[in-house]
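Participant: Would you mind keeping the following structure in view while I ask a few things?
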Amino acid sequence: MFNILEKRFALTHKGTKDFVKGVFFTTLLDIVLMFPAVFVFLFLEDYIRPIINPSAAITNGLWYYTLLGVIFMIVMWAIARLQYRSTFTTVYDESANRRISLAEKLRKLPLAFFGEKNLSDLTSTIMDDSTELEHTFSHAVPQMFASIISMVLIGIGMFFYNWQLSLALFWVIPFAAIVILISKKLLHNEFQVNYQNKRDVSEQIQEGLDTIQEIKSYNREDAYLNELQQNLNIYEKQLIKGELLAGGLVNTSQSLLKLGLASVIIVGVQLLSAGTIDLFMYLIFLVIASRIYSPVNEVFNNLAALFYLDIRINRMNEMEALPIQQGKTNFKPENYDIEFRNVCFSYQTGKQVLQNVSFLAKQGEVTALVGPSGGGKSTSVKLAARFWDIDKGNILLGGYDVGTIDPETLLQYYSVVFQDVVLFNASVIDNIRVGKMDATDEEVIQVAKLAQCDEFICKMYNGYQTVIGENGETLSGGERQRISIARALLKNAPIVLLDEATASLDVENETKIQAGISALIKDKTVLIIAHRMRTVTNAGKIVVLENGTVAEIGSPDELKKQNGIFSKMVERQMAVQSIYR
Ligand SMILES: Nc1ncnc2c1ncn2[C@@H]1O[C@H](COP(=O)(O)OP(=O)(O)OP(=O)(O)O)[C@@H](O)[C@H]1O
């Protein structure tokens with residue numbers, strides 16, 4: 001049963017145990033909340049029966065009922081406290097565990113996944129869905145289970161006491177349940193659409209914030225806001241429609257329950273006049289009828305949250321089911337050669353991006369990937385670090401297939417310097433320290449000097465402690481790239497994956513970046529996407545990728561002699577340079 005609940009509600013093992021405890025104490029609370037009715041029952045029996053039947057006598061004094069009342073109150077308070085702790089407090093623990101588990105999952109997903117997925121969608125699953133589930137699991141789900149259990153238990157007891165009045169009390173329950181089942185069917189689609197609309201709107205807002213520079217520079221503010229307004233209107237209308245429908249159905253169910261009280265009154269009067277029951281029993285059932293539907297009403301009040309439950313849990317399960325990359329963690333290669341052997345790869349099935357790509361990038365040598373745009377250079381470099389898993393062939397690091405190595409273990413051997421440098425809203429020194437978290441200030445400053453960063457950092461208002469703003473907004477493109485090189489230098493990994501900057505850097509910046517790169521790649525296995533002929537002529541090997549295949553391979557001198565794609569690229573670039581000279 002634990003396993004079923006764990007799966008059904010996307011709970012952790014401990015969360016499932018807490019949940020069962022929560023249901024137990026909520027059921028107990030539902031039952032002890034009948035104590036006031038029991039109290040009235042006992043008191044009336046003792047004090048009213050002698051009025052109806054003069055031969056009966058009062059057995060307990062008022063002090064007895066005062067004491068009983070106090071005991072009942074203490075018991076109710078104690079159970080309510082236990083119930084609160086077992087549902088509300090543990091729900092927050094479970095929510096934290098659920099978020100940690102999802103974050104752990106994200107950590108193990110292939111890096112490529114983050115390029116394909118909408119990140120605001122993932123954040124909203126981890127944060128919003130978890131928050132909503134907190135509410136549902138504290139207010140609605142244990143209450144729903146507890147209502148069913150307590151109703152059955154109380155119902156059985158009442159049937160033994162008087163079956164006709166019990167029937168009058170409980171006949172409404174199956175009808176209310178039918179209304180709920182119908183509403184679930186009717187509302188499911190409404191809620192699904194609402195949920196999607198909400199996500200679309202948050203995505204649009206997130207995208208607007210991410211691209212605010214482009215929106216402003218192309219005067220797209222009005223168009224963007226109009227579109228957002230339209231989507232917000234659709235979302236609002238759909239939300240109101242869903243709420244009205246849900247409200248109508250909840251009201252119908254709650255009114256049905258009131259019919260239960262009415263039928264107890266009517267049936268009770270009939271039985272009373274026929275002499276089947278006495279006034280005392282009639283009063284008791286009236287008191288019980290006024291209390292017994294409270295837990296069920298509580299469930300109705302949280303019906304919308306219950307109906308959203310499946311949608312949210314499905315989202316969580318979907319995330320949990322995403323395939324993760326695994327592999328051995330005790331990996332130590334003997335050398336750092338990277339070899340591609342007949343590698344085939346496609347991002348989407350049916351559209352192959354690399355076909356039978358084979359080359360060897362030797363340790364201590366620069367291997368430059370060149371070729372026309374879209375040829376597969378970036379893809380190959382990312383595959384070397386197992387950002388994706390390949391379809392066919394092998395990528396070997398020191399003779400080991402990278403597909404068999406745990407990605408986190410594998411990435412310890414790589415330094416990555418790509419063009420889209422990500423910087424944090426922290427000090428420059430901490431941004432460089434990302435390369436090696438336990439590096440001393442002296443080590444950081446040393447690599448900053450090698451990466452040609454020291455000069456511009458020292459000119460900043462607070463030197464190395466200057467906070468560089470969100471994603472380093474206060475830095476130029478060249479400065480960002482040099483920080484990224486400093487990070488990689490600090491990491492000092494044996495393999496360097498490098499995407500040379502294509503942006504037209506000024507001569508000074510370019511020279512400094514080249515100096516930084518030269519320091520970085522010394523004695524390493526270097527796989528570089530080269531855009532400048534200066535880098536290419538220094539490479540030990542050149543791999544020309546065209547349309548996802550290796551079109552040419554060899555040393556710069558060998559390829560120049562072949563008079564193929566590479567030599568034409570060199571000629572073209574020299575011609576362009578001579579125009580600008
Ligand atoms: N994430 C992705 N999803 C789907 N297709 C992609 C993805 N990234 C790249 N592609 C496709 O794969 C092919 C190779 O792209 P890749 O970026 O590797 O080429 P490239 O040689 O590095 O190009 P460039 O020099 O323009 O950067 C292209 O057709 C591209 O459209």
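Simple scheme: letters A, B, ... for chains in structure tokens order, numbers from 1 for residues in each chain, numbers from 1 for ligands in the order shown.
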Name the residues, by chain letter and number, that sit within 10 Å of ligand 1 using only C-alpha atoms and all ligand atoms, and give them as a PyMOL selection string.
Facilitator: chain A and resi 112-116+345-348+351-354+369-383+388+499+502+529-531+544-548
Participant: Within segment 429-529 of chain A, find each residue whose DSSP state, derived from the backbone, is strand (DSSP E), and express the selection as a PyMOL selection string.
Facilitator: chain A and resi 495-499+525-529
Participant: Enumerate, as JSON, numbers by chain, the complete set of residues in segment 282-401 of chain A that a backbone-based DSSP assignment places in helix (DSSP H, G or I).
Facilitator: {"A": [282, 283, 284, 285, 286, 287, 288, 289, 290, 291, 292, 294, 295, 296, 297, 298, 299, 300, 301, 303, 304, 305, 306, 307, 308, 309, 310, 311, 312, 313, 314, 315, 316, 317, 318, 319, 320, 377, 378, 379, 380, 381, 382, 383, 384]}
Participant: Write out the residues from the selection above, keeping N, CA and C atoms, as a CSV table (one decimal), in the first residue's frame.
Facilitator:
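Dumped everything to again_13.csv:
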chain,number,residue,atom,x,y,z
A,282,TYR,N,-34.6,11.6,18.9
A,282,TYR,CA,-34.8,12.6,17.8
A,282,TYR,C,-33.8,13.7,18.0
A,283,LEU,N,-33.7,14.2,19.2
A,283,LEU,CA,-32.8,15.4,19.5
A,283,LEU,C,-31.4,15.0,19.2
A,284,ILE,N,-31.0,13.8,19.6
A,284,ILE,CA,-29.6,13.3,19.4
A,284,ILE,C,-29.3,13.3,17.9
A,285,PHE,N,-30.2,12.8,17.1
A,285,PHE,CA,-29.9,12.7,15.6
A,285,PHE,C,-29.9,14.1,15.0
A,286,LEU,N,-30.7,15.0,15.6
A,286,LEU,CA,-30.6,16.4,15.0
A,286,LEU,C,-29.2,17.0,15.3
A,287,VAL,N,-28.8,16.8,16.6
A,287,VAL,CA,-27.4,17.3,16.9
A,287,VAL,C,-26.4,16.7,16.0
A,288,ILE,N,-26.4,15.4,15.8
A,288,ILE,CA,-25.4,14.7,15.0
A,288,ILE,C,-25.5,15.2,13.6
A,289,ALA,N,-26.7,15.4,13.0
A,289,ALA,CA,-26.9,15.8,11.7
A,289,ALA,C,-26.3,17.2,11.5
A,290,SER,N,-26.3,18.0,12.5
A,290,SER,CA,-25.8,19.4,12.3
A,290,SER,C,-24.2,19.4,12.3
A,291,ARG,N,-23.6,18.3,12.8
A,291,ARG,CA,-22.1,18.2,12.8
A,291,ARG,C,-21.5,17.3,11.8
A,292,ILE,N,-22.2,16.2,11.4
A,292,ILE,CA,-21.6,15.1,10.7
A,292,ILE,C,-21.1,15.5,9.3
A,294,SER,N,-19.6,18.3,8.4
A,294,SER,CA,-18.5,19.3,8.4
A,294,SER,C,-17.3,18.8,7.7
A,295,PRO,N,-16.8,17.6,8.0
A,295,PRO,CA,-15.6,17.2,7.3
A,295,PRO,C,-15.8,17.1,5.8
A,296,VAL,N,-17.0,16.6,5.4
A,296,VAL,CA,-17.3,16.5,4.0
A,296,VAL,C,-17.3,17.9,3.3
A,297,ASN,N,-17.9,18.8,4.0
A,297,ASN,CA,-17.9,20.2,3.5
A,297,ASN,C,-16.5,20.7,3.3
A,298,GLU,N,-15.6,20.4,4.3
A,298,GLU,CA,-14.2,20.8,4.2
A,298,GLU,C,-13.6,20.3,2.9
A,299,VAL,N,-14.0,19.0,2.5
A,299,VAL,CA,-13.4,18.4,1.3
A,299,VAL,C,-14.0,19.2,0.1
A,300,PHE,N,-15.3,19.5,0.1
A,300,PHE,CA,-15.9,20.3,-1.0
A,300,PHE,C,-15.2,21.6,-1.2
A,301,ASN,N,-14.8,22.3,0.0
A,301,ASN,CA,-14.2,23.6,-0.1
A,301,ASN,C,-12.8,23.5,-0.8
A,303,LEU,N,-12.2,21.3,-3.2
A,303,LEU,CA,-12.3,20.4,-4.4
A,303,LEU,C,-11.4,20.8,-5.6
A,304,ALA,N,-11.3,22.1,-5.8
A,304,ALA,CA,-10.5,22.6,-7.0
A,304,ALA,C,-9.1,22.1,-6.8
A,305,ALA,N,-8.6,22.3,-5.5
A,305,ALA,CA,-7.2,21.8,-5.3
A,305,ALA,C,-7.0,20.3,-5.5
A,306,LEU,N,-8.1,19.6,-5.1
A,306,LEU,CA,-8.0,18.1,-5.3
A,306,LEU,C,-8.0,17.8,-6.8
A,307,PHE,N,-8.8,18.5,-7.6
A,307,PHE,CA,-8.9,18.2,-9.0
A,307,PHE,C,-7.6,18.6,-9.7
A,308,TYR,N,-6.9,19.6,-9.2
A,308,TYR,CA,-5.6,20.0,-9.8
A,308,TYR,C,-4.5,19.1,-9.5
A,309,LEU,N,-4.8,18.3,-8.4
A,309,LEU,CA,-3.8,17.4,-7.8
A,309,LEU,C,-3.1,16.5,-8.9
A,310,ASP,N,-4.0,15.8,-9.7
A,310,ASP,CA,-3.5,14.9,-10.7
A,310,ASP,C,-2.6,15.6,-11.7
A,311,ILE,N,-3.1,16.8,-12.1
A,311,ILE,CA,-2.3,17.5,-13.2
A,311,ILE,C,-0.9,17.8,-12.6
A,312,ARG,N,-0.9,18.3,-11.4
A,312,ARG,CA,0.4,18.7,-10.8
A,312,ARG,C,1.3,17.4,-10.6
A,313,ILE,N,0.7,16.4,-10.1
A,313,ILE,CA,1.5,15.2,-9.8
A,313,ILE,C,2.0,14.6,-11.1
A,314,ASN,N,1.2,14.6,-12.1
A,314,ASN,CA,1.6,14.1,-13.4
A,314,ASN,C,2.9,14.9,-13.9
A,315,ARG,N,2.9,16.2,-13.7
A,315,ARG,CA,4.0,17.1,-14.1
A,315,ARG,C,5.3,16.6,-13.3
A,316,MET,N,5.1,16.4,-12.0
A,316,MET,CA,6.2,16.0,-11.2
A,316,MET,C,6.7,14.6,-11.7
A,317,ASN,N,5.8,13.7,-11.9
A,317,ASN,CA,6.2,12.3,-12.3
A,317,ASN,C,6.9,12.4,-13.7
A,318,GLU,N,6.4,13.3,-14.5
A,318,GLU,CA,7.0,13.4,-15.9
A,318,GLU,C,8.5,13.8,-15.7
A,319,MET,N,8.7,14.8,-14.8
A,319,MET,CA,10.1,15.2,-14.5
A,319,MET,C,10.9,14.1,-13.9
A,320,GLU,N,10.3,13.4,-13.0
A,320,GLU,CA,11.0,12.3,-12.3
A,320,GLU,C,11.4,11.2,-13.3
A,377,LYS,N,30.4,21.6,-36.0
A,377,LYS,CA,31.5,21.9,-35.2
A,377,LYS,C,31.1,21.9,-33.7
A,378,SER,N,30.2,22.8,-33.4
A,378,SER,CA,29.7,23.0,-32.0
A,378,SER,C,29.2,21.7,-31.4
A,379,THR,N,28.4,21.0,-32.3
A,379,THR,CA,27.8,19.7,-31.9
A,379,THR,C,28.9,18.7,-31.5
A,380,SER,N,30.0,18.6,-32.3
A,380,SER,CA,31.0,17.7,-32.0
A,380,SER,C,31.7,18.0,-30.7
A,381,VAL,N,32.0,19.3,-30.5
A,381,VAL,CA,32.7,19.7,-29.3
A,381,VAL,C,31.9,19.4,-28.0
A,382,LYS,N,30.6,19.6,-28.1
A,382,LYS,CA,29.7,19.3,-27.0
A,382,LYS,C,29.5,17.8,-26.7
A,383,LEU,N,29.5,17.1,-27.8
A,383,LEU,CA,29.4,15.6,-27.7
A,383,LEU,C,30.7,15.0,-27.0
A,384,ALA,N,31.8,15.7,-27.2
A,384,ALA,CA,33.1,15.2,-26.6
A,384,ALA,C,33.0,15.2,-25.1
Participant: Just want the 9 Å neighbourhood of Leu5 of chain A, counted on only C-alpha atoms, with same-chain residues fewer than 6 positions away dropped. Output as number ranges by chain.
Facilitator: A: 11, 16, 19
Participant: To one decimal place, how far is atom CA of His13 of chain A from atom CA of Thr90 of chain A in Å?
Facilitator: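 Taking atom CA of His13 of chain A and atom CA of Thr90 of chain A, their separation equals 12.6 Å.
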Participant: Using only C-alpha atoms, which residue out of A:Ser55, A:Asn226, A:Gln412, A:Thr87 lies closest to Ala488 of chain A?
Facilitator: A:Gln412
Participant: Skipping near chain neighbours, those fewer than 5 positions away, what residues fall within 12 Å of segment 201-203 of chain A using only C-alpha atoms, listed as number ranges by chain?
Facilitator: A: 117-124, 128, 194-196, 208-210, 224-225, 227-236
Participant: Export C-alpha atoms of the chosen residues as a PDB file, in the first residue's frame?
Facilitator:
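Writing the result to result.pdb gives the following:
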ATOM      1  CA  LYS A 117      13.393  22.904 -22.253  1.00  0.00           C
ATOM      2  CA  ASN A 118      11.724  26.052 -21.165  1.00  0.00           C
ATOM      3  CA  LEU A 119      13.442  26.952 -17.915  1.00  0.00           C
ATOM      4  CA  SER A 120      10.512  28.973 -16.496  1.00  0.00           C
ATOM      5  CA  ASP A 121       8.443  25.813 -16.911  1.00  0.00           C
ATOM      6  CA  LEU A 122      10.915  23.812 -14.839  1.00  0.00           C
ATOM      7  CA  THR A 123      11.107  26.512 -12.158  1.00  0.00           C
ATOM      8  CA  SER A 124       7.352  26.621 -11.954  1.00  0.00           C
ATOM      9  CA  ASP A 128       4.690  26.655  -7.795  1.00  0.00           C
ATOM     10  CA  ASN A 194      -6.163  26.825 -17.098  1.00  0.00           C
ATOM     11  CA  TYR A 195      -2.946  25.217 -16.084  1.00  0.00           C
ATOM     12  CA  GLN A 196      -1.514  25.461 -19.591  1.00  0.00           C
ATOM     13  CA  GLY A 208       9.868  39.417 -22.229  1.00  0.00           C
ATOM     14  CA  LEU A 209      12.275  39.977 -19.350  1.00  0.00           C
ATOM     15  CA  ASP A 210      15.026  37.945 -21.016  1.00  0.00           C
ATOM     16  CA  TYR A 224       4.658  42.605 -26.836  1.00  0.00           C
ATOM     17  CA  LEU A 225       2.304  44.183 -24.306  1.00  0.00           C
ATOM     18  CA  GLU A 227       0.041  40.066 -27.049  1.00  0.00           C
ATOM     19  CA  LEU A 228       0.575  39.638 -23.316  1.00  0.00           C
ATOM     20  CA  GLN A 229      -2.704  41.448 -22.586  1.00  0.00           C
ATOM     21  CA  GLN A 230      -4.553  39.134 -25.006  1.00  0.00           C
ATOM     22  CA  ASN A 231      -3.133  36.050 -23.341  1.00  0.00           C
ATOM     23  CA  LEU A 232      -3.917  37.432 -19.881  1.00  0.00           C
ATOM     24  CA  ASN A 233      -7.519  38.054 -20.997  1.00  0.00           C
ATOM     25  CA  ILE A 234      -7.840  34.486 -22.270  1.00  0.00           C
ATOM     26  CA  TYR A 235      -6.357  33.209 -19.001  1.00  0.00           C
ATOM     27  CA  GLU A 236      -8.714  35.361 -16.908  1.00  0.00           C
TER      28      GLU A 236
END
Participant: Using only C-alpha atoms, find the one residue out of A:Ser476, A:Phe160, A:Pro110, A:Ile457 that sits nearest to Gln326 of chain A.
Facilitator: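 The shortest atom-to-atom distance to Gln326 of chain A comes from A:Pro110.
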Participant: Write out as a PyMOL selection string the residues lying within 10 Å of Asn431 of chain A, counting only C-alpha atoms and excluding same-chain residues fewer than 2 positions away.
Facilitator: chain A and resi 422-429+433-435+437+444+464+467-468+472+483-484+486-487
Participant: Find the residues around segment 513-515 of chain A up to 8 Å (only C-alpha atoms counted), leave out those fewer than 4 positions away in its own chain, and share them as a list in words.
Facilitator: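 Residues meeting the cut-off are Leu450, Ala451, Gln452, Gly478, Gln481, Arg482, Asn509 and Ala519 of chain A.
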Participant: Between A:Ile100, A:Ile324, A:Ala439, A:Ile528, which residue has the minimum interatomic distance to Lys491 of chain A, considering only C-alpha atoms?
Facilitator: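 Closest candidate: A:Ala439.
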Participant: Considering only C-alpha atoms, state which residue in the set A:Ile31, A:Leu109, A:Ile178, A:Val91 is at the smallest distance from Arg386 of chain A.
Facilitator: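 Ranked by minimum distance to Arg386 of chain A, first place goes to A:Leu109.
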Participant: Record the distance separating atom CA of Cys344 of chain A and atom CA of Gly554 of chain A, expressed in Å with one decimal.
Facilitator: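 It comes out at 21.1 Å.
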Participant: Identify, on the basis of only C-alpha atoms, every residue whose closest approach to Val264 of chain A does not exceed 7 Å; exclude the query and any residue fewer than 6 positions from it along the same chain; express the result as number ranges by chain.
Facilitator: A: 165, 168-169, 286
Participant: Check the smallest atom-to-atom distance from each of A:Leu44, A:Leu133, A:Leu396, A:Val402 to Tyr92 of chain A using only C-alpha atoms, then report the winner.
Facilitator: A:Leu133
Participant: Record the distance separating atom CA of Asn462 of chain A and atom CA of Lys449 of chain A, expressed in Å with one decimal.
Facilitator: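 Atom-to-atom, atom CA of Asn462 of chain A to atom CA of Lys449 of chain A, that is 17.0 Å.
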Participant: Taking only C-alpha atoms into account, name the residue in A:Phe35, A:Leu106, A:Gly260, A:Glu473 that is nearest to Val75 of chain A.
Facilitator: A:Phe35
